[in-house]
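Below is model-v5.pdb, holding PDB, C-alpha atoms (C1' of nucleotides).
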ATOM      1  CA  MET A   1       0.000   0.000   0.000
ATOM      2  CA  ARG A   2       2.603   2.565   0.957
ATOM      3  CA  GLN A   3       4.781   0.809  -1.574
ATOM      4  CA  TRP A   4       2.218   1.498  -4.251
ATOM      5  CA  HIS A   5       1.905   5.172  -3.502
ATOM      6  CA  GLU A   6       5.660   5.552  -3.403
ATOM      7  CA  LEU A   7       5.910   3.810  -6.734
ATOM      8  CA  LEU A   8       3.214   6.056  -8.156
ATOM      9  CA  ALA A   9       4.854   9.220  -6.871
ATOM     10  CA  ARG A  10       8.332   8.170  -7.891
ATOM     11  CA  HIS A  11       7.229   7.244 -11.379
ATOM     12  CA  ALA A  12       5.320  10.467 -11.815
ATOM     13  CA  ALA A  13       8.322  12.488 -10.662
ATOM     14  CA  VAL A  14      10.899  10.810 -12.886
ATOM     15  CA  PHE A  15       8.656  10.398 -15.902
ATOM     16  CA  GLY A  16       7.432  13.965 -15.663
ATOM     17  CA  ALA A  17      10.910  15.405 -15.321
ATOM     18  CA  LEU A  18      12.224  13.351 -18.222
ATOM     19  CA  GLU A  19       9.270  14.223 -20.409
ATOM     20  CA  ALA A  20       9.667  17.930 -19.715
ATOM     21  CA  LYS A  21      13.397  18.170 -20.307
ATOM     22  CA  LEU A  22      13.497  15.892 -23.316
ATOM     23  CA  GLN A  23      10.622  17.780 -24.851
ATOM     24  CA  LYS A  24      12.075  21.197 -24.226
ATOM     25  CA  ARG A  25      15.649  20.417 -25.214
ATOM     26  CA  HIS A  26      15.178  17.920 -28.013
ATOM     27  CA  GLY A  27      11.528  17.910 -28.964
ATOM     28  CA  ILE A  28      10.907  14.271 -28.109
ATOM     29  CA  GLY A  29       9.019  12.446 -25.382
ATOM     30  CA  VAL A  30      10.078   9.649 -23.063
ATOM     31  CA  ASN A  31       8.692   6.962 -25.358
ATOM     32  CA  GLU A  32      10.568   8.334 -28.330
ATOM     33  CA  PHE A  33      13.757   8.342 -26.312
ATOM     34  CA  GLU A  34      13.308   4.774 -25.112
ATOM     35  CA  ALA A  35      12.801   3.718 -28.704
ATOM     36  CA  LEU A  36      15.882   5.602 -29.864
ATOM     37  CA  GLU A  37      17.890   3.994 -27.118
ATOM     38  CA  ARG A  38      16.723   0.517 -27.973
ATOM     39  CA  LEU A  39      17.476   1.099 -31.645
ATOM     40  CA  ALA A  40      20.876   2.581 -30.915
ATOM     41  CA  THR A  41      21.930  -0.334 -28.736
ATOM     42  CA  CYS A  42      20.831  -3.094 -31.055
ATOM     43  CA  GLU A  43      23.059  -2.956 -34.074
ATOM     44  CA  TYR A  44      21.423  -1.961 -37.325
ATOM     45  CA  LYS A  45      17.806  -3.018 -37.042
ATOM     46  CA  CYS A  46      15.132  -4.176 -34.711
ATOM     47  CA  ARG A  47      11.666  -5.658 -34.857
ATOM     48  CA  ALA A  48       8.716  -3.459 -33.950
ATOM     49  CA  ALA A  49       7.684  -5.851 -31.215
ATOM     50  CA  ASP A  50      11.046  -5.355 -29.497
ATOM     51  CA  LEU A  51      10.243  -1.685 -29.086
ATOM     52  CA  THR A  52       6.907  -2.569 -27.558
ATOM     53  CA  GLN A  53       8.616  -4.453 -24.789
ATOM     54  CA  ALA A  54      11.536  -2.068 -24.372
ATOM     55  CA  ALA A  55       9.324   0.918 -23.691
ATOM     56  CA  GLN A  56       6.461  -0.887 -21.932
ATOM     57  CA  LEU A  57       3.953   0.159 -24.557
ATOM     58  CA  SER A  58       0.870  -1.395 -26.063
ATOM     59  CA  GLN A  59       0.997  -2.718 -29.594
ATOM     60  CA  SER A  60      -1.007   0.111 -31.087
ATOM     61  CA  THR A  61       1.004   2.771 -29.291
ATOM     62  CA  THR A  62       4.193   1.285 -30.705
ATOM     63  CA  SER A  63       2.783   1.250 -34.207
ATOM     64  CA  ARG A  64       1.920   4.920 -33.994
ATOM     65  CA  LEU A  65       5.179   5.762 -32.273
ATOM     66  CA  ILE A  66       7.085   4.307 -35.198
ATOM     67  CA  ALA A  67       4.860   6.185 -37.639
ATOM     68  CA  ARG A  68       5.512   9.441 -35.815
ATOM     69  CA  MET A  69       9.249   8.906 -35.678
ATOM     70  CA  GLU A  70       9.286   7.991 -39.326
ATOM     71  CA  ARG A  71       7.417  11.185 -40.164
ATOM     72  CA  GLU A  72      10.036  13.125 -38.229
ATOM     73  CA  GLY A  73      12.819  11.379 -40.076
ATOM     74  CA  LEU A  74      14.258   9.594 -37.052
ATOM     75  CA  VAL A  75      13.706   6.013 -38.185
ATOM     76  CA  GLU A  76      12.984   4.035 -41.304
ATOM     77  CA  ARG A  77      10.812   1.008 -41.808
ATOM     78  CA  ALA A  78      12.081  -1.930 -43.799
ATOM     79  CA  MET A  79      10.409  -5.109 -44.918
ATOM     80  CA  CYS A  80      11.314  -8.056 -42.784
ATOM     81  CA  ASP A  81      12.315 -10.795 -45.202
ATOM     82  CA  MET A  82      12.195 -13.515 -42.574
ATOM     83  CA  ASP A  83       8.539 -12.930 -41.790
ATOM     84  CA  ARG A  84       6.724 -10.699 -44.183
ATOM     85  CA  ARG A  85       4.086  -9.768 -41.617
ATOM     86  CA  GLY A  86       6.705  -8.036 -39.470
ATOM     87  CA  ILE A  87       8.801  -4.939 -40.043
ATOM     88  CA  PHE A  88      12.305  -3.905 -39.207
ATOM     89  CA  VAL A  89      12.867  -0.457 -37.797
ATOM     90  CA  MET A  90      16.222   1.258 -38.030
ATOM     91  CA  LEU A  91      17.689   4.588 -37.062
ATOM     92  CA  THR A  92      18.422   7.178 -39.690
ATOM     93  CA  GLU A  93      21.487   9.388 -39.385
ATOM     94  CA  ALA A  94      19.271  12.104 -37.907
ATOM     95  CA  GLY A  95      17.922   9.618 -35.382
ATOM     96  CA  ARG A  96      21.389   8.553 -34.358
ATOM     97  CA  ARG A  97      22.452  12.166 -33.984
ATOM     98  CA  LEU A  98      19.393  13.045 -31.923
ATOM     99  CA  TYR A  99      19.980  10.114 -29.631
ATOM    100  CA  ALA A 100      23.561  11.204 -29.079
ATOM    101  CA  GLN A 101      22.350  14.664 -28.114
ATOM    102  CA  ALA A 102      19.492  13.520 -25.903
ATOM    103  CA  LYS A 103      21.329  10.807 -24.010
ATOM    104  CA  PRO A 104      23.281  13.188 -21.735
ATOM    105  CA  THR A 105      20.058  15.046 -20.918
ATOM    106  CA  HIS A 106      18.346  11.776 -20.078
ATOM    107  CA  ARG A 107      21.154  10.608 -17.808
ATOM    108  CA  ALA A 108      21.413  13.961 -16.088
ATOM    109  CA  VAL A 109      17.715  13.981 -15.232
ATOM    110  CA  LEU A 110      17.865  10.434 -13.890
ATOM    111  CA  GLU A 111      20.871  11.306 -11.778
ATOM    112  CA  GLU A 112      19.143  14.350 -10.423
ATOM    113  CA  VAL A 113      15.696  12.932  -9.732
ATOM    114  CA  LEU A 114      16.541   9.393  -8.706
ATOM    115  CA  GLY A 115      19.454  10.600  -6.631
ATOM    116  CA  ALA A 116      17.496  13.295  -4.801
ATOM    117  CA  GLY A 117      14.299  11.278  -4.573
ATOM    118  CA  ASP A 118      15.354   9.196  -1.593
TER     119      ASP A 118
ATOM    120  CA  MET B   1      19.731   3.552 -15.193
ATOM    121  CA  ARG B   2      18.747   0.043 -14.243
ATOM    122  CA  GLN B   3      16.785   1.681 -11.451
ATOM    123  CA  TRP B   4      14.854   3.668 -14.013
ATOM    124  CA  HIS B   5      13.951   0.686 -16.153
ATOM    125  CA  GLU B   6      12.914  -1.285 -13.112
ATOM    126  CA  LEU B   7      10.743   1.592 -12.013
ATOM    127  CA  LEU B   8       9.232   1.837 -15.468
ATOM    128  CA  ALA B   9       8.529  -1.887 -15.686
ATOM    129  CA  ARG B  10       7.187  -2.095 -12.155
ATOM    130  CA  HIS B  11       4.897   0.852 -12.614
ATOM    131  CA  ALA B  12       3.605  -0.473 -15.930
ATOM    132  CA  ALA B  13       2.946  -3.879 -14.379
ATOM    133  CA  VAL B  14       1.094  -2.641 -11.309
ATOM    134  CA  PHE B  15      -0.738   0.187 -13.014
ATOM    135  CA  GLY B  16      -1.758  -2.023 -15.892
ATOM    136  CA  ALA B  17      -3.001  -4.813 -13.654
ATOM    137  CA  LEU B  18      -4.954  -2.398 -11.472
ATOM    138  CA  GLU B  19      -6.443  -0.628 -14.448
ATOM    139  CA  ALA B  20      -7.548  -3.893 -16.033
ATOM    140  CA  LYS B  21      -9.146  -5.429 -12.941
ATOM    141  CA  LEU B  22     -10.766  -2.261 -11.690
ATOM    142  CA  GLN B  23     -12.153  -1.610 -15.131
ATOM    143  CA  LYS B  24     -13.481  -5.098 -15.644
ATOM    144  CA  ARG B  25     -14.924  -5.614 -12.184
ATOM    145  CA  HIS B  26     -16.125  -2.140 -11.310
ATOM    146  CA  GLY B  27     -16.002  -0.027 -14.446
ATOM    147  CA  ILE B  28     -13.520   2.512 -13.088
ATOM    148  CA  GLY B  29      -9.884   3.308 -13.765
ATOM    149  CA  VAL B  30      -6.958   3.731 -11.416
ATOM    150  CA  ASN B  31      -7.411   7.497 -11.208
ATOM    151  CA  GLU B  32     -11.056   7.143 -10.323
ATOM    152  CA  PHE B  33     -10.152   4.708  -7.584
ATOM    153  CA  GLU B  34      -7.456   6.928  -6.132
ATOM    154  CA  ALA B  35      -9.968   9.756  -6.031
ATOM    155  CA  LEU B  36     -12.595   7.581  -4.361
ATOM    156  CA  GLU B  37     -10.042   6.484  -1.802
ATOM    157  CA  ARG B  38      -8.966  10.014  -1.019
ATOM    158  CA  LEU B  39     -12.580  11.100  -0.669
ATOM    159  CA  ALA B  40     -13.475   8.127   1.501
ATOM    160  CA  THR B  41     -10.617   8.712   3.901
ATOM    161  CA  CYS B  42     -11.157  12.411   4.390
ATOM    162  CA  GLU B  43     -14.393  12.821   6.203
ATOM    163  CA  TYR B  44     -17.198  14.472   4.301
ATOM    164  CA  LYS B  45     -15.528  16.724   1.749
ATOM    165  CA  CYS B  46     -12.326  17.594   0.061
ATOM    166  CA  ARG B  47     -10.874  20.281  -2.155
ATOM    167  CA  ALA B  48     -10.299  19.534  -5.801
ATOM    168  CA  ALA B  49      -6.627  20.366  -5.452
ATOM    169  CA  ASP B  50      -6.247  17.619  -2.833
ATOM    170  CA  LEU B  51      -7.266  15.063  -5.428
ATOM    171  CA  THR B  52      -4.697  16.418  -7.840
ATOM    172  CA  GLN B  53      -1.941  15.656  -5.400
ATOM    173  CA  ALA B  54      -3.368  12.385  -4.136
ATOM    174  CA  ALA B  55      -3.491  10.809  -7.572
ATOM    175  CA  GLN B  56      -0.454  12.534  -9.096
ATOM    176  CA  LEU B  57      -2.522  14.186 -11.774
ATOM    177  CA  SER B  58      -2.340  17.460 -13.602
ATOM    178  CA  GLN B  59      -4.828  20.165 -12.775
ATOM    179  CA  SER B  60      -6.833  19.771 -15.963
ATOM    180  CA  THR B  61      -6.987  15.995 -15.631
ATOM    181  CA  THR B  62      -8.366  16.382 -12.130
ATOM    182  CA  SER B  63     -11.007  18.810 -13.290
ATOM    183  CA  ARG B  64     -12.216  16.399 -15.939
ATOM    184  CA  LEU B  65     -11.935  13.433 -13.595
ATOM    185  CA  ILE B  66     -14.320  15.152 -11.212
ATOM    186  CA  ALA B  67     -16.656  16.005 -14.078
ATOM    187  CA  ARG B  68     -16.661  12.372 -15.226
ATOM    188  CA  MET B  69     -17.297  11.031 -11.744
ATOM    189  CA  GLU B  70     -20.045  13.553 -11.235
ATOM    190  CA  ARG B  71     -21.668  12.452 -14.497
ATOM    191  CA  GLU B  72     -21.525   8.872 -13.256
ATOM    192  CA  GLY B  73     -23.083   9.863  -9.967
ATOM    193  CA  LEU B  74     -20.090   9.002  -7.804
ATOM    194  CA  VAL B  75     -19.379  12.456  -6.432
ATOM    195  CA  GLU B  76     -20.995  15.821  -6.028
ATOM    196  CA  ARG B  77     -19.560  19.283  -6.309
ATOM    197  CA  ALA B  78     -20.321  21.909  -3.708
ATOM    198  CA  MET B  79     -19.458  25.549  -3.492
ATOM    199  CA  CYS B  80     -16.606  26.249  -1.170
ATOM    200  CA  ASP B  81     -17.729  29.058   1.070
ATOM    201  CA  MET B  82     -14.252  29.730   2.386
ATOM    202  CA  ASP B  83     -12.866  30.537  -1.032
ATOM    203  CA  ARG B  84     -15.376  30.942  -3.786
ATOM    204  CA  ARG B  85     -12.853  30.079  -6.484
ATOM    205  CA  GLY B  86     -12.486  26.568  -5.132
ATOM    206  CA  ILE B  87     -14.879  23.667  -4.969
ATOM    207  CA  PHE B  88     -15.554  20.919  -2.515
ATOM    208  CA  VAL B  89     -15.987  17.421  -3.785
ATOM    209  CA  MET B  90     -17.816  14.777  -1.814
ATOM    210  CA  LEU B  91     -18.801  11.166  -2.262
ATOM    211  CA  THR B  92     -22.373  10.252  -2.984
ATOM    212  CA  GLU B  93     -23.886   7.113  -1.507
ATOM    213  CA  ALA B  94     -23.203   5.344  -4.802
ATOM    214  CA  GLY B  95     -19.591   6.505  -4.682
ATOM    215  CA  ARG B  96     -19.150   5.228  -1.163
ATOM    216  CA  ARG B  97     -20.675   1.906  -2.119
ATOM    217  CA  LEU B  98     -18.492   1.565  -5.188
ATOM    218  CA  TYR B  99     -15.391   2.317  -3.165
ATOM    219  CA  ALA B 100     -16.314  -0.353  -0.656
ATOM    220  CA  GLN B 101     -16.672  -2.866  -3.478
ATOM    221  CA  ALA B 102     -13.527  -1.865  -5.342
ATOM    222  CA  LYS B 103     -11.208  -1.638  -2.375
ATOM    223  CA  PRO B 104     -10.751  -5.400  -1.925
ATOM    224  CA  THR B 105     -10.025  -5.771  -5.629
ATOM    225  CA  HIS B 106      -7.447  -3.020  -5.415
ATOM    226  CA  ARG B 107      -5.725  -4.537  -2.408
ATOM    227  CA  ALA B 108      -5.738  -8.006  -3.922
ATOM    228  CA  VAL B 109      -4.060  -6.812  -7.096
ATOM    229  CA  LEU B 110      -1.403  -4.922  -5.143
ATOM    230  CA  GLU B 111      -0.738  -7.963  -3.013
ATOM    231  CA  GLU B 112      -0.442 -10.142  -6.054
ATOM    232  CA  VAL B 113       1.660  -7.912  -8.297
ATOM    233  CA  LEU B 114       3.856  -6.189  -5.744
ATOM    234  CA  GLY B 115       4.364  -9.400  -3.861
ATOM    235  CA  ALA B 116       5.294 -11.462  -6.899
ATOM    236  CA  GLY B 117       7.208  -8.680  -8.616
ATOM    237  CA  ASP B 118      10.369  -9.011  -6.529
TER     238      ASP B 118
ATOM    239  C1'  DT C   1      -3.492 -28.001 -51.874
ATOM    240  C1'  DT C   2      -7.010 -26.209 -49.051
ATOM    241  C1'  DG C   3      -8.694 -24.784 -44.649
ATOM    242  C1'  DC C   4      -8.125 -22.793 -40.197
ATOM    243  C1'  DA C   5      -6.080 -20.964 -36.039
ATOM    244  C1'  DT C   6      -2.494 -17.714 -34.924
ATOM    245  C1'  DT C   7       0.560 -13.749 -35.230
ATOM    246  C1'  DA C   8       2.564  -8.873 -36.775
ATOM    247  C1'  DG C   9       1.374  -4.799 -37.469
ATOM    248  C1'  DA C  10      -2.117  -0.873 -39.027
ATOM    249  C1'  DT C  11      -6.218   1.777 -38.188
ATOM    250  C1'  DG C  12     -11.184   3.746 -36.934
ATOM    251  C1'  DC C  13     -13.242   5.374 -33.014
ATOM    252  C1'  DA C  14     -14.152   6.982 -28.585
ATOM    253  C1'  DT C  15     -11.809   8.728 -24.925
ATOM    254  C1'  DC C  16      -8.139  10.855 -22.353
ATOM    255  C1'  DT C  17      -4.250  14.005 -21.880
ATOM    256  C1'  DG C  18      -1.477  18.277 -21.489
ATOM    257  C1'  DC C  19      -0.891  22.972 -22.759
ATOM    258  C1'  DA C  20      -2.448  27.258 -23.130
ATOM    259  C1'  DT C  21      -5.920  30.142 -22.000
ATOM    260  C1'  DG C  22     -10.299  31.873 -19.978
ATOM    261  C1'  DT C  23     -13.181  33.136 -15.969
ATOM    262  C1'  DA C  24     -13.930  34.155 -11.433
ATOM    263  C1'  DC C  25     -12.219  35.200  -7.080
ATOM    264  C1'  DT C  26      -8.529  36.508  -3.440
ATOM    265  C1'  DG C  27      -5.035  39.285  -1.128
ATOM    266  C1'  DT C  28      -1.848  42.960  -1.207
ATOM    267  C1'  DC C  29      -0.202  47.359  -2.068
ATOM    268  C1'  DT C  30      -1.218  52.287  -2.822
TER     269       DT C  30
ATOM    270  C1'  DA D   1     -11.723  52.130  -3.146
ATOM    271  C1'  DG D   2      -8.755  50.809  -7.402
ATOM    272  C1'  DA D   3      -5.213  48.369  -9.625
ATOM    273  C1'  DC D   4      -2.837  44.185 -10.083
ATOM    274  C1'  DA D   5      -0.397  39.935  -9.335
ATOM    275  C1'  DG D   6      -1.597  35.338  -7.969
ATOM    276  C1'  DT D   7      -4.686  31.195  -7.298
ATOM    277  C1'  DA D   8      -8.680  27.643  -8.264
ATOM    278  C1'  DC D   9     -10.887  25.553 -11.428
ATOM    279  C1'  DA D  10     -12.931  25.009 -16.420
ATOM    280  C1'  DT D  11     -12.316  24.393 -21.319
ATOM    281  C1'  DG D  12     -10.871  24.604 -26.549
ATOM    282  C1'  DC D  13      -7.775  22.271 -29.094
ATOM    283  C1'  DA D  14      -4.341  19.294 -30.889
ATOM    284  C1'  DG D  15      -2.264  15.196 -30.152
ATOM    285  C1'  DA D  16      -1.893  10.552 -27.754
ATOM    286  C1'  DT D  17      -4.063   6.284 -26.019
ATOM    287  C1'  DG D  18      -6.495   1.727 -25.638
ATOM    288  C1'  DC D  19      -9.782  -1.352 -27.528
ATOM    289  C1'  DA D  20     -11.633  -3.710 -31.026
ATOM    290  C1'  DT D  21     -11.053  -4.877 -35.538
ATOM    291  C1'  DC D  22      -8.877  -5.359 -40.113
ATOM    292  C1'  DT D  23      -5.417  -7.146 -43.388
ATOM    293  C1'  DA D  24      -1.679  -9.855 -44.707
ATOM    294  C1'  DA D  25       1.271 -13.534 -43.777
ATOM    295  C1'  DT D  26       2.603 -17.820 -41.265
ATOM    296  C1'  DG D  27       2.384 -22.657 -39.862
ATOM    297  C1'  DC D  28       0.046 -26.673 -39.077
ATOM    298  C1'  DA D  29      -3.147 -30.252 -40.352
ATOM    299  C1'  DA D  30      -6.413 -32.775 -43.230
TER     300       DA D  30
END
Would you encode the structure as structure tokens?
Amino acid sequence: MRQWHELLARHAAVFGALEAKLQKRHGIGVNEFEALERLATCEYKCRAADLTQAAQLSQSTTSRLIARMEREGLVERAMCDMDRRGIFVMLTEAGRRLYAQAKPTHRAVLEEVLGAGD
Amino acid sequence: MRQWHELLARHAAVFGALEAKLQKRHGIGVNEFEALERLATCEYKCRAADLTQAAQLSQSTTSRLIARMEREGLVERAMCDMDRRGIFVMLTEAGRRLYAQAKPTHRAVLEEVLGAGD
DNA sequence: TTGCATTAGATGCATCTGCATGTACTGTCT
DNA sequence: AGACAGTACATGCAGATGCATCTAATGCAA
């Protein structure tokens, strides 16, 4: 019970802070960043379903997230030749650059909020 | 970093489970429940702003949450005579009943997910 | 091969969300 | 009293979300 409210408060604090700073400094949200991070750490390409799990999203949210990021030129979709129902998602140069810029911001916020939050 | 992903996963797990069970069994979401709980534990009435803090919501979300719950007959709004900008919110009989029904569900889910999640 | 259950991802729809702003009221300062 | 900054809540709007559903592709079985 107290655990739950602490979890709720902690999540709201960290998520909110991340969302605000990432949005202001780089124009992306937490979900976008998580996706960028997942894509940057797997080499080359990555199934859409992997992003779903990495960012704790629902299937439809992931689908639209990818669409949004594609529109903004951060990722590209590619046919998955192993299973033609699926798609591969990969970072563009712009996506890789944005991730490199946003990563320090992300880490700084975590440091600050998780560190101070105790 | 690992802390953050654990927090994210944990929150998604608990919040998702609560949302699903509360929705299916009682037709309310997590935010509605948190509001009911806050209103049931303060005696009689409660300022709108209190709900904002209790459920970690934004101001506008709280305003609409109250409107929704009022529409569903769970709460009532009353003028706040101390400060006529503010409003008091109070449970109706139906709201109190629903809280009594939903509380065991809520506790059971927490027990289950927080207990097993370690 | 044909049929059927299953899976990956896309999408329509209703709903929810935050942001910015609007309205009404308060308290303070002059 | 009058002006004005600040606070409590409501709301228009654009964008995000989940749910249910759709389409296309897979794999298994008859």
For this file, the PyMOL selection byres ((chain D and resi 2) around 12) selects which residues, as an mmCIF file with C-alpha atoms (C1' of nucleotides), in the coordinates of the input?
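Result file is part37.cif:
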data_model
loop_
_atom_site.group_PDB
_atom_site.id
_atom_site.type_symbol
_atom_site.label_atom_id
_atom_site.label_comp_id
_atom_site.auth_asym_id
_atom_site.auth_seq_id
_atom_site.Cartn_x
_atom_site.Cartn_y
_atom_site.Cartn_z
ATOM 1 C "C1'" DC C 29 -0.202 47.359 -2.068
ATOM 2 C "C1'" DT C 30 -1.218 52.287 -2.822
ATOM 3 C "C1'" DA D 1 -11.723 52.130 -3.146
ATOM 4 C "C1'" DA D 3 -5.213 48.369 -9.625
ATOM 5 C "C1'" DC D 4 -2.837 44.185 -10.083
#
(request) Name all residues at most 8 Å from range 99-101 of chain B (count all atoms listed in the file; drop same-chain ones fewer than 2 positions away) and give them as a PyMOL selection string. (result) chain B and resi 26+33+36-37+40+95-97+103-105
(request) Kindly provide, as a list of chain:residue names, the residues of chain A having any atom no farther than 7 Å from an atom of chain B, counting only C-alpha atoms. (result)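 Listing them in order of chain and number gives A:Leu7, A:Ala9, A:His11, A:Ala12, A:Gln56.
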(request) Using all atoms listed in the file, find the residues of chain B whose closest atom to chain D is at most 12 Å away, then write them as a ChimeraX atom specification. (result) /B:16,19-20,47-50,52,58-67,77,79-80,83-88
Selected residues, C-alpha atoms, written as a compact mmCIF listing (two decimals), keeping the file's coordinate frame, please.
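So out-v4.txt came out as:
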# COMPACT_ATOMS: atom_id res chain seq x y z
CA GLY B 16 -1.76 -2.02 -15.89
CA GLU B 19 -6.44 -0.63 -14.45
CA ALA B 20 -7.55 -3.89 -16.03
CA ARG B 47 -10.87 20.28 -2.15
CA ALA B 48 -10.30 19.53 -5.80
CA ALA B 49 -6.63 20.37 -5.45
CA ASP B 50 -6.25 17.62 -2.83
CA THR B 52 -4.70 16.42 -7.84
CA SER B 58 -2.34 17.46 -13.60
CA GLN B 59 -4.83 20.16 -12.78
CA SER B 60 -6.83 19.77 -15.96
CA THR B 61 -6.99 16.00 -15.63
CA THR B 62 -8.37 16.38 -12.13
CA SER B 63 -11.01 18.81 -13.29
CA ARG B 64 -12.22 16.40 -15.94
CA LEU B 65 -11.94 13.43 -13.60
CA ILE B 66 -14.32 15.15 -11.21
CA ALA B 67 -16.66 16.00 -14.08
CA ARG B 77 -19.56 19.28 -6.31
CA MET B 79 -19.46 25.55 -3.49
CA CYS B 80 -16.61 26.25 -1.17
CA ASP B 83 -12.87 30.54 -1.03
CA ARG B 84 -15.38 30.94 -3.79
CA ARG B 85 -12.85 30.08 -6.48
CA GLY B 86 -12.49 26.57 -5.13
CA ILE B 87 -14.88 23.67 -4.97
CA PHE B 88 -15.55 20.92 -2.52
(message) I need the residue nearest Glu76 in chain B from this list: B:Ala17, B:Val113, B:Ala102, B:Val89. Use all atoms listed in the file for the distance.
(response) B:Val89
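As for CA of Val30 in chain A and CA of Arg68 in chain A, they are spaced 13.5 Å apart.
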Atoms added to range 6-24 of chain B (N, CA and C atoms), reported as a PDB file, in the frame of the given file:
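Writing done, so here's result.pdb:
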ATOM      1  N   GLU B   6      13.691  -0.486 -14.067  1.00  0.00           N
ATOM      2  CA  GLU B   6      12.914  -1.285 -13.112  1.00  0.00           C
ATOM      3  C   GLU B   6      11.668  -0.529 -12.681  1.00  0.00           C
ATOM      4  N   LEU B   7      11.871   0.750 -12.416  1.00  0.00           N
ATOM      5  CA  LEU B   7      10.743   1.592 -12.013  1.00  0.00           C
ATOM      6  C   LEU B   7       9.684   1.613 -13.108  1.00  0.00           C
ATOM      7  N   LEU B   8      10.136   1.789 -14.321  1.00  0.00           N
ATOM      8  CA  LEU B   8       9.232   1.837 -15.468  1.00  0.00           C
ATOM      9  C   LEU B   8       8.447   0.529 -15.598  1.00  0.00           C
ATOM     10  N   ALA B   9       9.165  -0.573 -15.521  1.00  0.00           N
ATOM     11  CA  ALA B   9       8.529  -1.887 -15.686  1.00  0.00           C
ATOM     12  C   ALA B   9       7.558  -2.161 -14.544  1.00  0.00           C
ATOM     13  N   ARG B  10       7.994  -1.855 -13.338  1.00  0.00           N
ATOM     14  CA  ARG B  10       7.187  -2.095 -12.155  1.00  0.00           C
ATOM     15  C   ARG B  10       5.901  -1.277 -12.208  1.00  0.00           C
ATOM     16  N   HIS B  11       6.057  -0.015 -12.533  1.00  0.00           N
ATOM     17  CA  HIS B  11       4.897   0.852 -12.614  1.00  0.00           C
ATOM     18  C   HIS B  11       3.926   0.356 -13.684  1.00  0.00           C
ATOM     19  N   ALA B  12       4.464   0.006 -14.840  1.00  0.00           N
ATOM     20  CA  ALA B  12       3.605  -0.473 -15.930  1.00  0.00           C
ATOM     21  C   ALA B  12       2.862  -1.735 -15.499  1.00  0.00           C
ATOM     22  N   ALA B  13       3.559  -2.619 -14.807  1.00  0.00           N
ATOM     23  CA  ALA B  13       2.946  -3.879 -14.379  1.00  0.00           C
ATOM     24  C   ALA B  13       1.812  -3.624 -13.396  1.00  0.00           C
ATOM     25  N   VAL B  14       2.098  -2.871 -12.342  1.00  0.00           N
ATOM     26  CA  VAL B  14       1.094  -2.641 -11.309  1.00  0.00           C
ATOM     27  C   VAL B  14      -0.057  -1.806 -11.847  1.00  0.00           C
ATOM     28  N   PHE B  15       0.290  -0.705 -12.502  1.00  0.00           N
ATOM     29  CA  PHE B  15      -0.738   0.187 -13.014  1.00  0.00           C
ATOM     30  C   PHE B  15      -1.635  -0.538 -14.009  1.00  0.00           C
ATOM     31  N   GLY B  16      -0.996  -1.282 -14.896  1.00  0.00           N
ATOM     32  CA  GLY B  16      -1.758  -2.023 -15.892  1.00  0.00           C
ATOM     33  C   GLY B  16      -2.694  -3.044 -15.271  1.00  0.00           C
ATOM     34  N   ALA B  17      -2.185  -3.789 -14.309  1.00  0.00           N
ATOM     35  CA  ALA B  17      -3.001  -4.813 -13.654  1.00  0.00           C
ATOM     36  C   ALA B  17      -4.174  -4.176 -12.920  1.00  0.00           C
ATOM     37  N   LEU B  18      -3.894  -3.098 -12.196  1.00  0.00           N
ATOM     38  CA  LEU B  18      -4.954  -2.398 -11.472  1.00  0.00           C
ATOM     39  C   LEU B  18      -6.004  -1.886 -12.444  1.00  0.00           C
ATOM     40  N   GLU B  19      -5.542  -1.204 -13.453  1.00  0.00           N
ATOM     41  CA  GLU B  19      -6.443  -0.628 -14.448  1.00  0.00           C
ATOM     42  C   GLU B  19      -7.369  -1.706 -15.015  1.00  0.00           C
ATOM     43  N   ALA B  20      -6.770  -2.824 -15.404  1.00  0.00           N
ATOM     44  CA  ALA B  20      -7.548  -3.893 -16.033  1.00  0.00           C
ATOM     45  C   ALA B  20      -8.603  -4.456 -15.097  1.00  0.00           C
ATOM     46  N   LYS B  21      -8.201  -4.801 -13.873  1.00  0.00           N
ATOM     47  CA  LYS B  21      -9.146  -5.429 -12.941  1.00  0.00           C
ATOM     48  C   LYS B  21     -10.204  -4.468 -12.456  1.00  0.00           C
ATOM     49  N   LEU B  22      -9.792  -3.238 -12.161  1.00  0.00           N
ATOM     50  CA  LEU B  22     -10.766  -2.261 -11.690  1.00  0.00           C
ATOM     51  C   LEU B  22     -11.772  -1.957 -12.803  1.00  0.00           C
ATOM     52  N   GLN B  23     -11.273  -1.886 -14.006  1.00  0.00           N
ATOM     53  CA  GLN B  23     -12.153  -1.610 -15.131  1.00  0.00           C
ATOM     54  C   GLN B  23     -13.147  -2.750 -15.347  1.00  0.00           C
ATOM     55  N   LYS B  24     -12.625  -3.948 -15.363  1.00  0.00           N
ATOM     56  CA  LYS B  24     -13.481  -5.098 -15.644  1.00  0.00           C
ATOM     57  C   LYS B  24     -14.504  -5.346 -14.534  1.00  0.00           C
TER      58      LYS B  24
END
